[in-house]
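**Student:** I'd like to ask you about the structure that follows.
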Amino acid sequence: MVLAVDLLNPSREAELRKHKLKRLVQAPNSYFMDVRCGASGCSAINTVFSHAQTVVLCSSCQTVLATPTGGKARLTEGSSFRPKAN
């Protein structure tokens with residue numbers, strides 16, 4: 001009997017679609033990220049959790065960087081981010 005899918009070597013896309021506990025190697029979906037403020041004249045970088053549950057403000061100009069949703073936090077327009085390395 002031959003399976004249509006290789007269970008020992010799944011594709012990267014197939015692994016990302018699975019629930020975080022049902023992957024071959026368990027890993028969380030959340031991460032910390034560096035967010036650069038998009039306000040005019042402010043280029044401060046703040047560390048934000050990807051699934052933040054409170055409103056995140058810029059440390060220097062007090063503008064809103066991220067607003068909570070049901071899952072991942074939504075970044076405001078004009079702000080850029082990059083995931084932090086582990």
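We label chains A, B, ... in the order they appear in the structure tokens, count residues from 1 in each chain, and number ligands from 1 in the order shown.
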From chain A, collect each residue whose DSSP state is helix (DSSP H, G or I) and return the set as number ranges by chain.
**Tutor:** A: 12-17
**Student:** Just the selected residues (all heavy atoms), exported as a compact mmCIF listing (two decimals), in the first residue's frame, please.
**Tutor:**
# COMPACT_ATOMS: atom_id res chain seq x y z
N ARG A 12 6.94 22.23 3.57
CA ARG A 12 6.89 23.37 4.48
C ARG A 12 5.49 23.97 4.54
O ARG A 12 5.00 24.34 5.60
CB ARG A 12 7.91 24.42 4.05
CG ARG A 12 7.93 25.65 4.91
CD ARG A 12 9.15 26.50 4.64
NE ARG A 12 9.09 27.79 5.25
CZ ARG A 12 9.30 28.03 6.54
NH1 ARG A 12 9.58 27.03 7.34
NH2 ARG A 12 9.23 29.24 7.03
N GLU A 13 4.83 24.06 3.42
CA GLU A 13 3.48 24.63 3.36
C GLU A 13 2.49 23.78 4.13
O GLU A 13 1.62 24.28 4.83
CB GLU A 13 3.01 24.78 1.90
CG GLU A 13 3.81 25.77 1.09
CD GLU A 13 5.12 25.21 0.59
OE1 GLU A 13 5.24 23.98 0.43
OE2 GLU A 13 6.05 26.00 0.36
N ALA A 14 2.63 22.46 4.03
CA ALA A 14 1.74 21.56 4.75
C ALA A 14 1.95 21.68 6.26
O ALA A 14 0.99 21.62 7.04
CB ALA A 14 1.96 20.12 4.31
N GLU A 15 3.18 21.86 6.69
CA GLU A 15 3.47 22.00 8.12
C GLU A 15 2.91 23.30 8.67
O GLU A 15 2.43 23.35 9.79
CB GLU A 15 4.98 21.94 8.37
CG GLU A 15 5.52 20.54 8.37
CD GLU A 15 5.01 19.71 9.55
OE1 GLU A 15 5.31 20.05 10.69
OE2 GLU A 15 4.32 18.72 9.30
N LEU A 16 2.99 24.39 7.91
CA LEU A 16 2.50 25.67 8.38
C LEU A 16 0.97 25.70 8.50
O LEU A 16 0.43 26.46 9.29
CB LEU A 16 2.98 26.80 7.47
CG LEU A 16 4.48 27.08 7.54
CD1 LEU A 16 4.86 28.15 6.54
CD2 LEU A 16 4.89 27.48 8.94
N ARG A 17 0.28 24.89 7.70
CA ARG A 17 -1.18 24.84 7.75
C ARG A 17 -1.68 24.08 8.97
O ARG A 17 -2.80 24.30 9.41
CB ARG A 17 -1.72 24.17 6.49
CG ARG A 17 -1.79 25.08 5.30
CD ARG A 17 -2.63 24.46 4.20
NE ARG A 17 -2.21 23.12 3.89
CZ ARG A 17 -1.45 22.77 2.85
NH1 ARG A 17 -1.04 23.69 2.02
NH2 ARG A 17 -1.13 21.52 2.64
**Student:** Using only C-alpha atoms, which residues sit within 7 Å of A:Ser50 once same-chain residues fewer than 4 positions away are excluded, as a PyMOL selection string?
**Tutor:** chain A and resi 30-33+72-73
**Student:** Write out, as an mmCIF file, in the first residue's frame, the residues just selected, with all heavy atoms.
**Tutor:**
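In the end it all went to selection_14.cif:
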data_model
loop_
_atom_site.group_PDB
_atom_site.id
_atom_site.type_symbol
_atom_site.label_atom_id
_atom_site.label_comp_id
_atom_site.auth_asym_id
_atom_site.auth_seq_id
_atom_site.Cartn_x
_atom_site.Cartn_y
_atom_site.Cartn_z
ATOM 1 N N SER A 30 3.237 32.565 17.629
ATOM 2 C CA SER A 30 3.476 33.948 18.029
ATOM 3 C C SER A 30 4.968 34.275 18.035
ATOM 4 O O SER A 30 5.810 33.377 18.063
ATOM 5 C CB SER A 30 2.887 34.190 19.416
ATOM 6 O OG SER A 30 3.443 33.279 20.330
ATOM 7 N N TYR A 31 5.263 35.556 18.015
ATOM 8 C CA TYR A 31 6.649 36.015 17.974
ATOM 9 C C TYR A 31 6.711 37.464 18.442
ATOM 10 O O TYR A 31 5.690 38.153 18.516
ATOM 11 C CB TYR A 31 7.240 35.900 16.568
ATOM 12 C CG TYR A 31 6.375 36.510 15.493
ATOM 13 C CD1 TYR A 31 6.519 37.835 15.120
ATOM 14 C CD2 TYR A 31 5.383 35.755 14.862
ATOM 15 C CE1 TYR A 31 5.721 38.405 14.153
ATOM 16 C CE2 TYR A 31 4.573 36.319 13.894
ATOM 17 C CZ TYR A 31 4.751 37.634 13.543
ATOM 18 O OH TYR A 31 3.954 38.202 12.595
ATOM 19 N N PHE A 32 7.898 37.922 18.797
ATOM 20 C CA PHE A 32 8.122 39.325 19.105
ATOM 21 C C PHE A 32 8.626 39.997 17.838
ATOM 22 O O PHE A 32 9.278 39.373 17.007
ATOM 23 C CB PHE A 32 9.152 39.485 20.223
ATOM 24 C CG PHE A 32 8.622 39.108 21.572
ATOM 25 C CD1 PHE A 32 8.814 37.839 22.080
ATOM 26 C CD2 PHE A 32 7.916 40.024 22.334
ATOM 27 C CE1 PHE A 32 8.328 37.487 23.320
ATOM 28 C CE2 PHE A 32 7.427 39.689 23.576
ATOM 29 C CZ PHE A 32 7.627 38.419 24.074
ATOM 30 N N MET A 33 8.310 41.291 17.690
ATOM 31 C CA MET A 33 8.752 42.001 16.494
ATOM 32 C C MET A 33 9.183 43.416 16.857
ATOM 33 O O MET A 33 8.717 43.991 17.840
ATOM 34 C CB MET A 33 7.640 42.028 15.450
ATOM 35 C CG MET A 33 6.334 42.551 15.913
ATOM 36 S SD MET A 33 5.085 42.296 14.664
ATOM 37 C CE MET A 33 3.625 42.698 15.595
ATOM 38 N N LYS A 72 -3.941 38.029 15.953
ATOM 39 C CA LYS A 72 -2.753 38.868 15.850
ATOM 40 C C LYS A 72 -3.124 40.339 15.974
ATOM 41 O O LYS A 72 -4.212 40.752 15.593
ATOM 42 C CB LYS A 72 -2.052 38.641 14.515
ATOM 43 C CG LYS A 72 -1.381 37.296 14.413
ATOM 44 C CD LYS A 72 -0.526 37.220 13.181
ATOM 45 C CE LYS A 72 0.209 35.902 13.141
ATOM 46 N NZ LYS A 72 1.042 35.778 11.960
ATOM 47 N N ALA A 73 -2.196 41.124 16.491
ATOM 48 C CA ALA A 73 -2.414 42.560 16.621
ATOM 49 C C ALA A 73 -2.306 43.218 15.245
ATOM 50 O O ALA A 73 -1.481 42.820 14.419
ATOM 51 C CB ALA A 73 -1.385 43.157 17.573
#
**Student:** From a DSSP calculation on the backbone, collect every residue of chain A in strand (DSSP E or B) and output the set as a PyMOL selection string.
**Tutor:** chain A and resi 32-36+45-49+56-57+64-67+74-75+80-83
**Student:** Atoms to include: N, CA, C and O atoms. Write the selected residues as a CSV table (one decimal), in the first residue's frame.
**Tutor:**
chain,number,residue,atom,x,y,z
A,32,PHE,N,7.9,37.9,18.8
A,32,PHE,CA,8.1,39.3,19.1
A,32,PHE,C,8.6,40.0,17.8
A,32,PHE,O,9.3,39.4,17.0
A,33,MET,N,8.3,41.3,17.7
A,33,MET,CA,8.8,42.0,16.5
A,33,MET,C,9.2,43.4,16.9
A,33,MET,O,8.7,44.0,17.8
A,34,ASP,N,10.1,43.9,16.1
A,34,ASP,CA,10.5,45.3,16.2
A,34,ASP,C,9.7,46.1,15.3
A,34,ASP,O,9.6,45.9,14.1
A,35,VAL,N,9.0,47.1,15.8
A,35,VAL,CA,8.1,48.0,15.1
A,35,VAL,C,8.6,49.4,15.0
A,35,VAL,O,8.9,50.0,16.1
A,36,ARG,N,8.8,49.9,13.8
A,36,ARG,CA,9.3,51.3,13.7
A,36,ARG,C,8.0,52.2,13.5
A,36,ARG,O,7.1,52.0,12.7
A,45,ILE,N,12.0,52.7,17.6
A,45,ILE,CA,11.8,51.3,17.4
A,45,ILE,C,11.3,50.7,18.7
A,45,ILE,O,12.0,50.9,19.7
A,46,ASN,N,10.2,50.0,18.7
A,46,ASN,CA,9.6,49.4,19.9
A,46,ASN,C,9.4,47.9,19.7
A,46,ASN,O,9.2,47.5,18.6
A,47,THR,N,9.5,47.2,20.8
A,47,THR,CA,9.3,45.7,20.7
A,47,THR,C,7.9,45.4,21.0
A,47,THR,O,7.3,45.9,22.1
A,48,VAL,N,7.2,44.7,20.1
A,48,VAL,CA,5.7,44.4,20.3
A,48,VAL,C,5.5,42.9,20.1
A,48,VAL,O,6.2,42.3,19.3
A,49,PHE,N,4.6,42.3,20.9
A,49,PHE,CA,4.3,40.9,20.8
A,49,PHE,C,3.3,40.8,19.7
A,49,PHE,O,2.4,41.6,19.5
A,56,VAL,N,-0.9,49.2,21.9
A,56,VAL,CA,0.5,49.5,22.1
A,56,VAL,C,0.8,50.9,21.6
A,56,VAL,O,0.5,51.2,20.4
A,57,LEU,N,1.5,51.7,22.4
A,57,LEU,CA,1.8,53.1,22.1
A,57,LEU,C,3.3,53.2,21.9
A,57,LEU,O,4.1,52.5,22.4
A,64,VAL,N,-0.4,55.4,18.5
A,64,VAL,CA,-0.8,54.0,18.5
A,64,VAL,C,0.0,53.2,17.5
A,64,VAL,O,0.0,53.6,16.3
A,65,LEU,N,0.6,52.2,17.9
A,65,LEU,CA,1.4,51.3,17.0
A,65,LEU,C,0.6,50.1,16.6
A,65,LEU,O,0.6,49.7,15.4
A,66,ALA,N,-0.1,49.5,17.5
A,66,ALA,CA,-0.8,48.2,17.3
A,66,ALA,C,-2.1,48.2,18.1
A,66,ALA,O,-2.2,48.7,19.2
A,67,THR,N,-3.2,47.7,17.5
A,67,THR,CA,-4.4,47.5,18.1
A,67,THR,C,-4.8,46.0,18.2
A,67,THR,O,-4.5,45.3,17.2
A,74,ARG,N,-3.1,44.2,15.0
A,74,ARG,CA,-3.1,44.9,13.7
A,74,ARG,C,-2.2,46.2,13.9
A,74,ARG,O,-2.5,47.0,14.7
A,75,LEU,N,-1.2,46.3,13.0
A,75,LEU,CA,-0.3,47.5,13.0
A,75,LEU,C,-1.0,48.6,12.3
A,75,LEU,O,-1.8,48.4,11.4
A,80,SER,N,6.3,50.0,10.1
A,80,SER,CA,6.9,48.8,9.6
A,80,SER,C,7.4,47.9,10.7
A,80,SER,O,7.7,48.4,11.8
A,81,PHE,N,7.6,46.6,10.4
A,81,PHE,CA,8.0,45.7,11.4
A,81,PHE,C,8.9,44.6,10.8
A,81,PHE,O,9.0,44.4,9.6
A,82,ARG,N,9.7,43.9,11.7
A,82,ARG,CA,10.4,42.8,11.3
A,82,ARG,C,10.4,41.9,12.5
A,82,ARG,O,10.5,42.3,13.7
A,83,PRO,N,10.3,40.6,12.3
A,83,PRO,CA,10.3,39.6,13.4
A,83,PRO,C,11.7,39.6,14.1
A,83,PRO,O,12.7,39.6,13.4
**Student:** To one decimal in Å, tell me the separation between atom CA of A:Ala39 and atom CA of A:Ser59.
**Tutor:**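 Computed distance, atom CA of A:Ala39 to atom CA of A:Ser59, equals 12.1 Å.
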**Student:** Would you please work out which residue, of A:His51, A:Gly70, A:Pro10, A:Ser79, is nearest to A:Asn29 when using only C-alpha atoms?
**Tutor:**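 Smallest distance to A:Asn29 is found for A:His51.
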**Student:** Which of these, A:Asn9, A:Gln26, A:Thr76, A:Ser43, has the shortest distance to A:Ser60 once you count only C-alpha atoms?
**Tutor:**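 For A:Ser60, the nearest of the given residues is A:Ser43.
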**Student:** So how many Å separate atom CA of A:Gly71 and atom CA of A:Arg23, to one decimal?
**Tutor:**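 Between atom CA of A:Gly71 and atom CA of A:Arg23 the gap works out to 19.8 Å.
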**Student:** What's the separation between atom CA of A:Leu24 and atom CA of A:Lys84, in Å to one decimal place?
**Tutor:**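 Atom-to-atom, atom CA of A:Leu24 to atom CA of A:Lys84, that is 23.3 Å.
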**Student:** Give the answer as one residue: which of A:Val2, A:Pro28, A:Gly78, A:Thr54 has the shortest atom-to-atom distance to A:Ser40, using only C-alpha atoms?
**Tutor:**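 Closest residue, counting only C-alpha atoms: A:Gly78.
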